[in-house]
file work39.txt (compact mmCIF, C-alpha atoms)
# COMPACT_ATOMS: atom_id res chain seq x y z
CA MET L 1151 121.87 57.71 179.93
CA LYS L 1152 118.77 56.41 178.22
CA ASN L 1153 116.50 53.85 179.81
CA ALA L 1154 116.81 50.23 178.83
CA PRO L 1155 114.29 49.37 176.09
CA HIS L 1156 111.63 46.78 176.72
CA PRO L 1157 112.64 43.32 175.46
CA LEU L 1158 110.72 41.91 172.55
CA ALA L 1159 108.26 39.18 173.37
CA ARG L 1160 109.31 35.67 172.42
CA PRO L 1161 107.55 34.79 169.16
CA ALA L 1162 105.01 31.99 169.24
CA GLY L 1163 106.58 30.31 166.21
CA LEU L 1164 109.39 30.76 163.74
CA PRO L 1165 107.81 30.37 160.32
CA SER L 1166 109.89 30.89 157.20
CA THR L 1167 108.74 34.09 155.50
CA THR L 1168 111.14 34.52 152.61
CA ASP L 1169 109.84 36.36 149.59
CA PRO L 1170 111.38 35.14 146.31
CA ALA L 1171 109.60 37.88 144.37
CA ALA L 1172 111.18 40.70 146.35
CA PRO L 1173 113.49 42.92 144.27
CA ARG L 1174 117.19 42.32 144.87
CA HIS L 1175 118.19 46.01 144.49
CA GLY L 1176 121.20 45.41 142.26
CA ARG L 1177 122.62 42.40 144.11
CA ALA L 1178 123.42 39.12 142.42
CA PRO L 1179 120.31 36.88 142.34
CA LEU L 1180 119.91 34.08 144.86
CA LEU L 1181 119.53 31.37 142.24
CA PRO L 1182 123.27 30.84 141.53
CA TYR L 1183 123.79 29.85 145.18
CA LEU L 1184 121.09 27.16 145.25
CA PRO L 1185 121.71 23.44 144.56
CA THR L 1186 121.59 22.58 140.85
CA ASN L 1187 118.48 20.40 140.99
CA LEU L 1188 116.53 22.93 143.05
CA ARG L 1189 117.66 25.79 140.82
CA ARG L 1190 116.37 23.87 137.79
CA ARG L 1191 112.97 23.27 139.40
CA LEU L 1192 112.65 26.92 140.40
CA LEU L 1193 113.44 28.06 136.87
CA GLN L 1194 110.95 25.59 135.41
CA ALA L 1195 108.27 26.82 137.81
CA ALA L 1196 108.99 30.44 136.95
CA LEU L 1197 108.68 29.70 133.22
CA ALA L 1198 105.53 27.63 133.67
CA GLY L 1199 103.53 30.35 135.40
CA PRO L 1200 102.53 31.36 138.92
CA ALA L 1201 104.43 29.85 141.81
CA LEU L 1202 102.98 26.62 143.21
CA PRO L 1203 102.87 25.68 146.90
CA TRP L 1204 105.89 23.39 146.61
CA TRP L 1205 107.81 26.28 145.03
CA HIS L 1206 107.44 28.36 148.19
CA GLY L 1207 108.41 25.42 150.37
CA ALA L 1208 111.50 24.67 148.30
CA TRP L 1209 112.61 28.27 148.43
CA ALA L 1210 112.06 28.48 152.18
CA GLN L 1211 114.07 25.32 152.72
CA ALA L 1212 116.95 26.63 150.61
CA SER L 1213 117.05 30.06 152.24
CA ALA L 1214 118.09 30.47 155.88
CA SER L 1215 116.89 34.06 155.96
CA ARG L 1216 113.63 34.80 157.73
CA VAL L 1217 111.87 37.69 159.38
CA VAL L 1218 110.86 36.64 162.88
CA GLU L 1219 109.23 39.79 164.24
CA LEU L 1220 108.60 43.36 163.09
CA ARG L 1221 107.31 46.40 164.94
CA GLY L 1222 106.69 49.81 163.42
CA ASP L 1223 108.41 51.31 160.39
CA VAL L 1224 111.29 49.06 159.28
CA ARG L 1225 112.98 49.72 155.93
CA ARG L 1226 115.09 47.41 153.79
CA ASN L 1227 117.01 49.31 151.13
CA GLY L 1228 114.51 52.16 151.46
CA GLN L 1229 111.44 49.95 151.04
CA ALA L 1230 109.11 48.78 153.81
CA LEU L 1231 110.13 45.38 155.18
CA THR L 1232 107.20 43.03 155.74
CA ALA L 1233 106.77 39.76 157.63
CA GLN L 1234 106.73 38.01 154.25
CA GLY L 1235 110.05 39.60 153.23
CA SER L 1236 113.63 38.57 153.89
CA VAL L 1237 117.00 40.16 154.64
CA ALA L 1238 120.34 39.29 153.03
CA ALA L 1239 123.95 40.39 153.00
CA GLY L 1240 124.12 43.54 150.91
CA ASP L 1241 121.02 45.04 152.51
CA ARG L 1242 120.66 48.30 154.41
CA ILE L 1243 118.22 48.22 157.34
CA GLU L 1244 116.65 51.30 158.94
CA THR L 1245 114.15 51.47 161.81
CA GLY L 1246 112.02 54.44 162.82
CA PRO L 1247 110.96 55.67 166.27
CA GLY L 1248 109.44 52.86 168.31
CA ALA L 1249 110.26 50.31 165.60
CA SER L 1250 112.29 47.10 165.85
CA ALA L 1251 113.09 44.02 163.81
CA MET L 1252 114.28 40.49 164.49
CA PHE L 1253 115.56 38.34 161.64
CA THR L 1254 118.14 35.77 160.62
CA VAL L 1255 120.61 35.74 157.73
CA GLY L 1256 122.37 32.42 157.22
CA ASP L 1257 123.97 31.39 160.51
CA SER L 1258 123.54 34.76 162.26
CA ALA L 1259 120.56 36.37 164.02
CA TYR L 1260 119.80 40.05 164.69
CA LEU L 1261 117.59 42.19 166.91
CA VAL L 1262 117.56 45.79 165.65
CA ARG L 1263 116.41 48.55 167.98
CA GLU L 1264 114.52 51.73 167.09
CA ASN L 1265 116.19 54.64 165.26
CA THR L 1266 118.91 52.36 163.88
CA ARG L 1267 120.79 52.39 160.59
CA LEU L 1268 122.98 49.43 159.68
CA GLU L 1269 124.44 47.66 156.67
CA LEU L 1270 125.03 43.93 156.21
CA GLN L 1271 127.95 43.12 153.92
CA GLY L 1272 129.13 39.80 152.53
CA GLU L 1273 130.19 37.81 149.47
CA THR L 1274 126.91 35.87 149.21
CA PRO L 1275 123.37 36.75 150.32
CA LEU L 1276 123.40 34.28 153.22
CA SER L 1277 126.95 34.97 154.47
CA VAL L 1278 127.28 38.21 156.45
CA ARG L 1279 130.94 39.17 156.87
CA VAL L 1280 130.54 42.72 158.17
CA LEU L 1281 127.78 44.34 160.21
CA ARG L 1282 128.29 48.09 159.90
CA LEU L 1283 126.33 49.93 162.60
CA LEU L 1284 125.96 53.60 161.67
CA SER L 1285 123.54 54.65 164.40
CA GLY L 1286 121.22 53.08 166.93
CA ALA L 1287 121.64 49.63 168.47
CA VAL L 1288 121.67 45.96 167.53
CA ALA L 1289 122.04 42.64 169.34
CA SER L 1290 123.40 39.75 167.28
CA VAL L 1291 124.46 36.13 167.60
CA TRP L 1292 127.00 34.62 165.21
CA SER L 1293 127.96 30.99 164.66
CA LYS L 1294 131.64 30.10 164.70
CA GLY L 1295 133.67 31.34 161.76
CA ALA L 1296 136.55 33.59 160.76
CA ASP L 1297 136.92 37.02 159.15
CA ARG L 1298 133.67 38.52 160.43
CA GLN L 1299 133.36 41.96 161.96
CA LEU L 1300 131.00 44.38 163.65
CA VAL L 1301 132.05 47.94 162.81
CA THR L 1302 130.89 51.23 164.37
CA PRO L 1303 132.28 54.77 163.86
CA THR L 1304 134.68 54.24 166.81
CA LEU L 1305 135.13 50.46 167.06
CA THR L 1306 135.96 47.35 165.05
CA ALA L 1307 135.10 44.01 166.67
CA GLY L 1308 136.43 40.78 165.16
CA ILE L 1309 133.74 38.13 165.65
CA ARG L 1310 134.76 34.52 166.26
CA GLY L 1311 131.38 33.02 167.07
CA THR L 1312 129.62 34.81 169.88
CA GLY L 1313 126.69 36.91 171.04
CA VAL L 1314 127.22 40.68 171.16
CA TYR L 1315 125.33 43.92 171.67
CA ALA L 1316 126.44 47.26 170.20
CA GLU L 1317 125.11 50.80 170.37
CA VAL L 1318 126.21 54.07 168.75
CA TRP L 1319 125.61 57.29 170.66
CA THR L 1320 125.43 59.81 167.85
CA GLN L 1321 124.83 62.79 170.18
CA GLN L 1322 128.02 61.97 172.11
CA ASP L 1323 130.44 62.27 169.19
CA PHE L 1324 129.48 58.78 167.93
CA ARG L 1325 131.05 57.00 170.89
CA SER L 1326 130.12 53.31 170.93
CA TYR L 1327 129.01 50.88 173.57
CA PHE L 1328 129.90 47.23 173.04
CA CYS L 1329 129.12 44.12 175.08
CA ASN L 1330 130.66 40.72 174.41
CA CYS L 1331 127.82 38.75 175.95
CA TYR L 1332 129.67 35.46 175.54
CA GLY L 1333 132.55 34.20 173.43
CA SER L 1334 135.79 35.64 172.08
CA VAL L 1335 136.06 39.03 170.35
CA ASP L 1336 139.06 41.09 169.16
CA LEU L 1337 138.46 44.81 169.75
CA ASN L 1338 140.17 47.76 168.08
CA ALA L 1339 139.36 51.39 168.89
CA GLY L 1340 141.64 53.97 167.28
CA GLY L 1341 144.58 51.56 167.31
CA GLU L 1342 144.04 50.41 170.92
CA GLN L 1343 143.52 46.65 170.83
CA LEU L 1344 142.44 43.96 173.24
CA ARG L 1345 140.89 40.51 173.18
CA SER L 1346 137.68 40.02 175.13
CA GLU L 1347 136.99 36.54 176.54
CA SER L 1348 133.55 36.49 178.10
CA GLU L 1349 131.27 34.02 179.84
CA TYR L 1350 128.69 36.59 180.91
CA HIS L 1351 128.66 40.14 179.50
CA GLN L 1352 132.04 41.84 179.22
CA SER L 1353 131.37 45.46 178.23
CA PHE L 1354 133.27 48.53 177.01
CA TRP L 1355 132.88 52.10 175.88
CA ALA L 1356 134.77 52.85 172.65
CA GLU L 1357 135.55 56.55 172.86
CA ALA L 1358 135.91 58.88 169.92
CA HIS L 1359 138.78 60.60 171.74
CA PRO L 1360 141.11 59.12 174.38
CA LYS L 1361 140.17 59.55 178.02
CA GLU L 1362 143.23 59.46 180.25
CA GLY L 1363 145.09 57.88 177.36
CA ARG L 1364 142.54 55.12 176.71
CA ARG L 1365 139.82 54.62 174.12
CA LEU L 1366 138.44 51.29 175.42
CA ILE L 1367 136.89 51.90 178.84
CA PRO L 1368 135.28 49.12 180.94
CA ALA L 1369 131.51 49.48 181.31
CA GLU L 1370 128.53 47.75 182.86
CA ALA L 1371 126.06 45.65 180.89
CA ILE L 1372 123.20 47.95 179.82
CA ASN L 1373 120.19 48.12 177.48
CA HIS L 1374 119.93 44.42 176.58
CA THR L 1375 118.68 41.32 178.39
CA ASP L 1376 119.72 37.71 178.82
CA GLU L 1377 116.37 36.61 177.40
CA GLU L 1378 116.98 38.53 174.17
CA MET L 1379 120.38 36.90 173.69
CA GLU L 1380 118.96 33.45 174.47
CA MET L 1381 116.21 33.98 171.89
CA LEU L 1382 118.69 35.04 169.20
CA ALA L 1383 120.93 32.07 169.99
CA ALA L 1384 117.99 29.69 169.65
CA LEU L 1385 117.23 31.06 166.18
CA VAL L 1386 120.61 29.77 164.96
CA GLN L 1387 120.50 26.56 167.04
CA GLN L 1388 122.84 27.80 169.75
CA ARG L 1389 122.79 28.18 173.50
CA THR L 1390 124.42 31.00 175.41
CA ALA L 1391 127.39 30.33 177.68
CA TRP L 1392 125.24 30.69 180.79
CA GLN L 1393 122.65 28.29 179.42
CA VAL L 1394 125.40 25.72 178.87
CA THR L 1395 126.94 26.05 182.33
CA GLY L 1396 123.80 26.90 184.28
CA ARG L 1397 125.57 29.90 185.83
CA LYS L 1398 125.15 33.63 185.46
CA GLY L 1399 127.07 36.45 187.08
CA SER L 1400 126.60 40.10 187.93
CA ARG L 1401 126.04 42.60 185.15
CA ASP L 1402 129.12 44.60 186.14
CA GLY L 1403 130.70 44.08 182.71
CA SER L 1404 133.49 41.81 183.97
CA GLY L 1405 132.43 38.90 181.77
CA LYS L 1406 132.64 36.42 184.64
CA GLN L 1407 130.07 33.90 185.78
CA SER L 1408 129.13 33.36 189.39
CA PRO L 1409 131.28 30.72 191.13
CA TYR L 1410 128.30 29.48 193.13
CA GLY L 1411 126.39 27.77 190.32
CA GLY L 1412 122.75 28.17 189.45
CA TYR L 1413 120.88 31.30 188.42
CA ARG L 1414 120.14 32.43 191.98
CA THR L 1415 122.37 34.15 194.45
CA PRO L 1416 123.62 31.82 197.20
CA GLN L 1417 121.26 31.59 200.12
CA THR L 1418 122.52 32.30 203.60
CA ARG L 1419 121.97 29.52 206.09
CA THR L 1420 119.38 30.31 208.75
CA PRO L 1421 120.88 29.67 212.21
CA THR L 1422 119.10 27.05 214.24
CA ALA L 1423 117.46 28.02 217.52
CA PRO L 1424 119.62 27.33 220.58
CA GLN L 1425 118.78 24.11 222.36
CA PRO L 1426 117.93 24.30 226.09
CA ALA L 1427 120.70 23.22 228.41
CA PRO L 1428 120.21 19.70 229.86
CA GLU L 1429 118.93 19.38 233.38
CA PRO L 1430 121.74 18.82 235.89
CA HIS L 1431 122.15 15.21 236.97
CA TYR L 1432 123.48 14.41 240.40
CA SER L 1433 124.95 11.02 241.22
CA PRO L 1434 124.40 9.64 244.73
CA ASN L 1435 127.43 9.78 247.03

call {"tool": "encode", "arguments": {"input": "work39.txt", "output": "structure tokens"}}
result
Amino acid sequence: MKNAPHPLARPAGLPSTTDPAAPRHGRAPLLPYLPTNLRRRLLQAALAGPALPWWHGAWAQASASRVVELRGDVRRNGQALTAQGSVAAGDRIETGPGASAMFTVGDSAYLVRENTRLELQGETPLSVRVLRLLSGAVASVWSKGADRQLVTPTLTAGIRGTGVYAEVWTQQDFRSYFCNCYGSVDLNAGGEQLRSESEYHQSFWAEAHPKEGRRLIPAEAINHTDEEMEMLAALVQQRTAWQVTGRKGSRDGSGKQSPYGGYRTPQTRTPTAPQPAPEPHYSPN
């Protein structure tokens, strides 16, 4: 079992860093999906000459894709991803050893671990419908919506608006680890199906081959932190279930919050010191 990776530091700010000049690698251009008046102004600016400051601001406002943090060698469609770049549905993301990336696409946010290969699929650049995790690990937060999936070699997870963490163990026959950190998820592993309803980290192994007749095996919460999920949720203007209720639970993978309330374990009451017995009082006969 590998050690849990260090969480990424919370970024000081969340500037928009979209790059309208970046090549689209065969995808449909972004312009058809922009409002008519903004599309007209962008085209006029492109014909007039170099982009003006307002041009960058207009593009940033129209696009909900932004790179929040990069570490090490991160590739988008085979090319180096920079802080001034952007990610969209249709892209392939790869990270090298020690590398990581945090970014948003539309109403979803992603934290990609090192040595990861994934594909983002969707009908429009800002609408991811399928996250296909081929190797490595990714944490993601999705706003509410239908017909969205996270797919690994051994698992399909139907996303309904939730925060999840997934990992593919390539050296163990591509078995997958999946945690429904909060929300509702429909899981399917080799035809075995279940619905996960989680308030605080409900986790499973999705096995390549059945173990004692099962492919979905309960697991503990590993390799991701509450702070990472809270940060991703904030990027898409969400709060996690435990932020809403003010309660966490144990990381045993059950998905249940603590019944005691608060983030701390209940404190035992310190017994008071015994009081001295009162002096005997004798009444006169």

call {"tool": "residues_around", "arguments": {"input": "work39.txt", "residues": "Ser1293 (chain L)", "least_positions_apart": "6", "cutoff": "12 Å", "atoms": "only C-alpha atoms", "output": "compact mmCIF listing (two decimals) with C-alpha atoms, keeping the file's coordinate frame"}}
result
# COMPACT_ATOMS: atom_id res chain seq x y z
CA THR L 1254 118.14 35.77 160.62
CA VAL L 1255 120.61 35.74 157.73
CA GLY L 1256 122.37 32.42 157.22
CA ASP L 1257 123.97 31.39 160.51
CA SER L 1258 123.54 34.76 162.26
CA ALA L 1259 120.56 36.37 164.02
CA SER L 1277 126.95 34.97 154.47
CA VAL L 1278 127.28 38.21 156.45
CA ARG L 1279 130.94 39.17 156.87
CA ILE L 1309 133.74 38.13 165.65
CA ARG L 1310 134.76 34.52 166.26
CA GLY L 1311 131.38 33.02 167.07
CA THR L 1312 129.62 34.81 169.88
CA GLY L 1313 126.69 36.91 171.04
CA VAL L 1314 127.22 40.68 171.16
CA TYR L 1332 129.67 35.46 175.54
CA GLY L 1333 132.55 34.20 173.43
CA SER L 1334 135.79 35.64 172.08
CA LEU L 1382 118.69 35.04 169.20
CA ALA L 1383 120.93 32.07 169.99
CA ALA L 1384 117.99 29.69 169.65
CA LEU L 1385 117.23 31.06 166.18
CA VAL L 1386 120.61 29.77 164.96
CA GLN L 1387 120.50 26.56 167.04
CA GLN L 1388 122.84 27.80 169.75
CA ARG L 1389 122.79 28.18 173.50
CA THR L 1390 124.42 31.00 175.41

call {"tool": "closest_residue", "arguments": {"input": "work39.txt", "among": "L:Glu1273, L:Asp1376, L:Asp1223, L:Glu1347", "to": "Ala1239 (chain L)", "atoms": "all atoms listed in the file"}}
result
L:Glu1273

call {"tool": "closest_residue", "arguments": {"input": "work39.txt", "among": "L:Ala1249, L:Cys1331, L:Ile1367, L:Ala1391", "to": "Arg1263 (chain L)", "atoms": "only C-alpha atoms"}}
result
L:Ala1249

call {"tool": "closest_residue", "arguments": {"input": "work39.txt", "among": "L:Thr1395, L:Asn1265, L:Asn1330, L:Thr1306", "to": "Trp1292 (chain L)", "atoms": "only C-alpha atoms"}}
result
L:Asn1330

call {"tool": "residues_around", "arguments": {"input": "work39.txt", "residues": "region 1348-1354 of chain L", "least_positions_apart": "3", "cutoff": "9 Å", "atoms": "only C-alpha atoms", "output": "compact mmCIF listing (two decimals) with C-alpha atoms, in the coordinates of the input"}}
result
# COMPACT_ATOMS: atom_id res chain seq x y z
CA VAL L 1314 127.22 40.68 171.16
CA SER L 1326 130.12 53.31 170.93
CA TYR L 1327 129.01 50.88 173.57
CA PHE L 1328 129.90 47.23 173.04
CA CYS L 1329 129.12 44.12 175.08
CA ASN L 1330 130.66 40.72 174.41
CA CYS L 1331 127.82 38.75 175.95
CA TYR L 1332 129.67 35.46 175.54
CA GLY L 1333 132.55 34.20 173.43
CA SER L 1334 135.79 35.64 172.08
CA VAL L 1335 136.06 39.03 170.35
CA LEU L 1366 138.44 51.29 175.42
CA ILE L 1367 136.89 51.90 178.84
CA PRO L 1368 135.28 49.12 180.94
CA ALA L 1369 131.51 49.48 181.31
CA GLU L 1370 128.53 47.75 182.86
CA ALA L 1371 126.06 45.65 180.89
CA ILE L 1372 123.20 47.95 179.82
CA THR L 1390 124.42 31.00 175.41
CA ALA L 1391 127.39 30.33 177.68
CA TRP L 1392 125.24 30.69 180.79
CA ARG L 1397 125.57 29.90 185.83
CA LYS L 1398 125.15 33.63 185.46
CA GLY L 1399 127.07 36.45 187.08
CA SER L 1400 126.60 40.10 187.93
CA ARG L 1401 126.04 42.60 185.15
CA ASP L 1402 129.12 44.60 186.14
CA GLY L 1403 130.70 44.08 182.71
CA SER L 1404 133.49 41.81 183.97
CA GLY L 1405 132.43 38.90 181.77
CA LYS L 1406 132.64 36.42 184.64
CA GLN L 1407 130.07 33.90 185.78

call {"tool": "build_atoms", "arguments": {"input": "work39.txt", "residues": "region 1360-1371 of chain L", "atoms": "all heavy atoms", "output": "CSV table (one decimal), keeping the file's coordinate frame"}}
result
chain,number,residue,atom,x,y,z
L,1360,PRO,N,140.6,59.8,173.2
L,1360,PRO,CA,141.1,59.1,174.4
L,1360,PRO,C,140.7,59.8,175.7
L,1360,PRO,O,140.6,61.1,175.7
L,1360,PRO,CB,142.6,59.2,174.2
L,1360,PRO,CG,142.8,59.4,172.7
L,1360,PRO,CD,141.6,60.2,172.2
L,1361,LYS,N,140.4,59.0,176.7
L,1361,LYS,CA,140.2,59.6,178.0
L,1361,LYS,C,141.2,59.0,178.9
L,1361,LYS,O,141.3,57.8,179.1
L,1361,LYS,CB,138.8,59.1,178.5
L,1361,LYS,CG,137.7,59.9,177.8
L,1361,LYS,CD,136.3,59.6,178.4
L,1361,LYS,CE,135.2,60.4,177.7
L,1361,LYS,NZ,133.9,60.2,178.4
L,1362,GLU,N,142.1,59.9,179.4
L,1362,GLU,CA,143.2,59.5,180.2
L,1362,GLU,C,144.1,58.4,179.5
L,1362,GLU,O,144.6,57.5,180.0
L,1362,GLU,CB,142.8,58.9,181.6
L,1362,GLU,CG,142.0,59.9,182.4
L,1362,GLU,CD,141.6,59.3,183.8
L,1362,GLU,OE1,141.8,58.1,184.0
L,1362,GLU,OE2,141.1,60.1,184.6
L,1363,GLY,N,144.2,58.7,178.2
L,1363,GLY,CA,145.1,57.9,177.4
L,1363,GLY,C,144.5,56.6,176.8
L,1363,GLY,O,145.1,55.8,176.2
L,1364,ARG,N,143.2,56.4,177.1
L,1364,ARG,CA,142.5,55.1,176.7
L,1364,ARG,C,141.3,55.4,175.9
L,1364,ARG,O,140.6,56.4,176.1
L,1364,ARG,CB,142.1,54.3,177.9
L,1364,ARG,CG,143.3,53.8,178.8
L,1364,ARG,CD,142.9,52.9,179.9
L,1364,ARG,NE,142.2,51.7,179.3
L,1364,ARG,CZ,141.6,50.8,180.0
L,1364,ARG,NH1,141.5,50.9,181.3
L,1364,ARG,NH2,141.1,49.7,179.4
L,1365,ARG,N,141.0,54.5,174.9
L,1365,ARG,CA,139.8,54.6,174.1
L,1365,ARG,C,138.8,53.5,174.5
L,1365,ARG,O,137.6,53.7,174.3
L,1365,ARG,CB,140.1,54.5,172.6
L,1365,ARG,CG,140.8,55.8,172.1
L,1365,ARG,CD,141.1,55.6,170.6
L,1365,ARG,NE,141.8,56.7,170.0
L,1365,ARG,CZ,141.2,57.7,169.3
L,1365,ARG,NH1,139.8,57.7,169.3
L,1365,ARG,NH2,141.8,58.7,168.8
L,1366,LEU,N,139.3,52.4,175.0
L,1366,LEU,CA,138.4,51.3,175.4
L,1366,LEU,C,138.3,51.3,176.9
L,1366,LEU,O,139.3,51.1,177.7
L,1366,LEU,CB,139.0,49.9,175.0
L,1366,LEU,CG,138.9,49.7,173.4
L,1366,LEU,CD1,139.7,48.4,173.1
L,1366,LEU,CD2,137.4,49.5,173.0
L,1367,ILE,N,137.1,51.7,177.4
L,1367,ILE,CA,136.9,51.9,178.8
L,1367,ILE,C,135.9,50.8,179.3
L,1367,ILE,O,134.8,50.7,178.7
L,1367,ILE,CB,136.3,53.3,179.1
L,1367,ILE,CG1,137.1,54.4,178.4
L,1367,ILE,CG2,136.2,53.6,180.6
L,1367,ILE,CD1,138.5,54.5,178.9
L,1368,PRO,N,136.2,50.1,180.4
L,1368,PRO,CA,135.3,49.1,180.9
L,1368,PRO,C,133.9,49.7,181.3
L,1368,PRO,O,133.9,50.9,181.7
L,1368,PRO,CB,136.0,48.6,182.2
L,1368,PRO,CG,137.4,48.8,181.9
L,1368,PRO,CD,137.5,50.1,181.2
L,1369,ALA,N,132.9,49.0,181.1
L,1369,ALA,CA,131.5,49.5,181.3
L,1369,ALA,C,130.7,48.4,181.9
L,1369,ALA,O,131.1,47.2,181.9
L,1369,ALA,CB,130.9,50.0,180.0
L,1370,GLU,N,129.5,48.7,182.4
L,1370,GLU,CA,128.5,47.8,182.9
L,1370,GLU,C,127.7,47.3,181.7
L,1370,GLU,O,127.6,47.9,180.7
L,1370,GLU,CB,127.7,48.4,184.0
L,1370,GLU,CG,128.4,48.7,185.2
L,1370,GLU,CD,127.5,49.2,186.3
L,1370,GLU,OE1,126.3,49.4,186.0
L,1370,GLU,OE2,128.0,49.5,187.4
L,1371,ALA,N,127.0,46.2,181.9
L,1371,ALA,CA,126.1,45.6,180.9
L,1371,ALA,C,124.8,46.4,181.0
L,1371,ALA,O,124.1,46.5,182.0
L,1371,ALA,CB,125.8,44.2,181.1
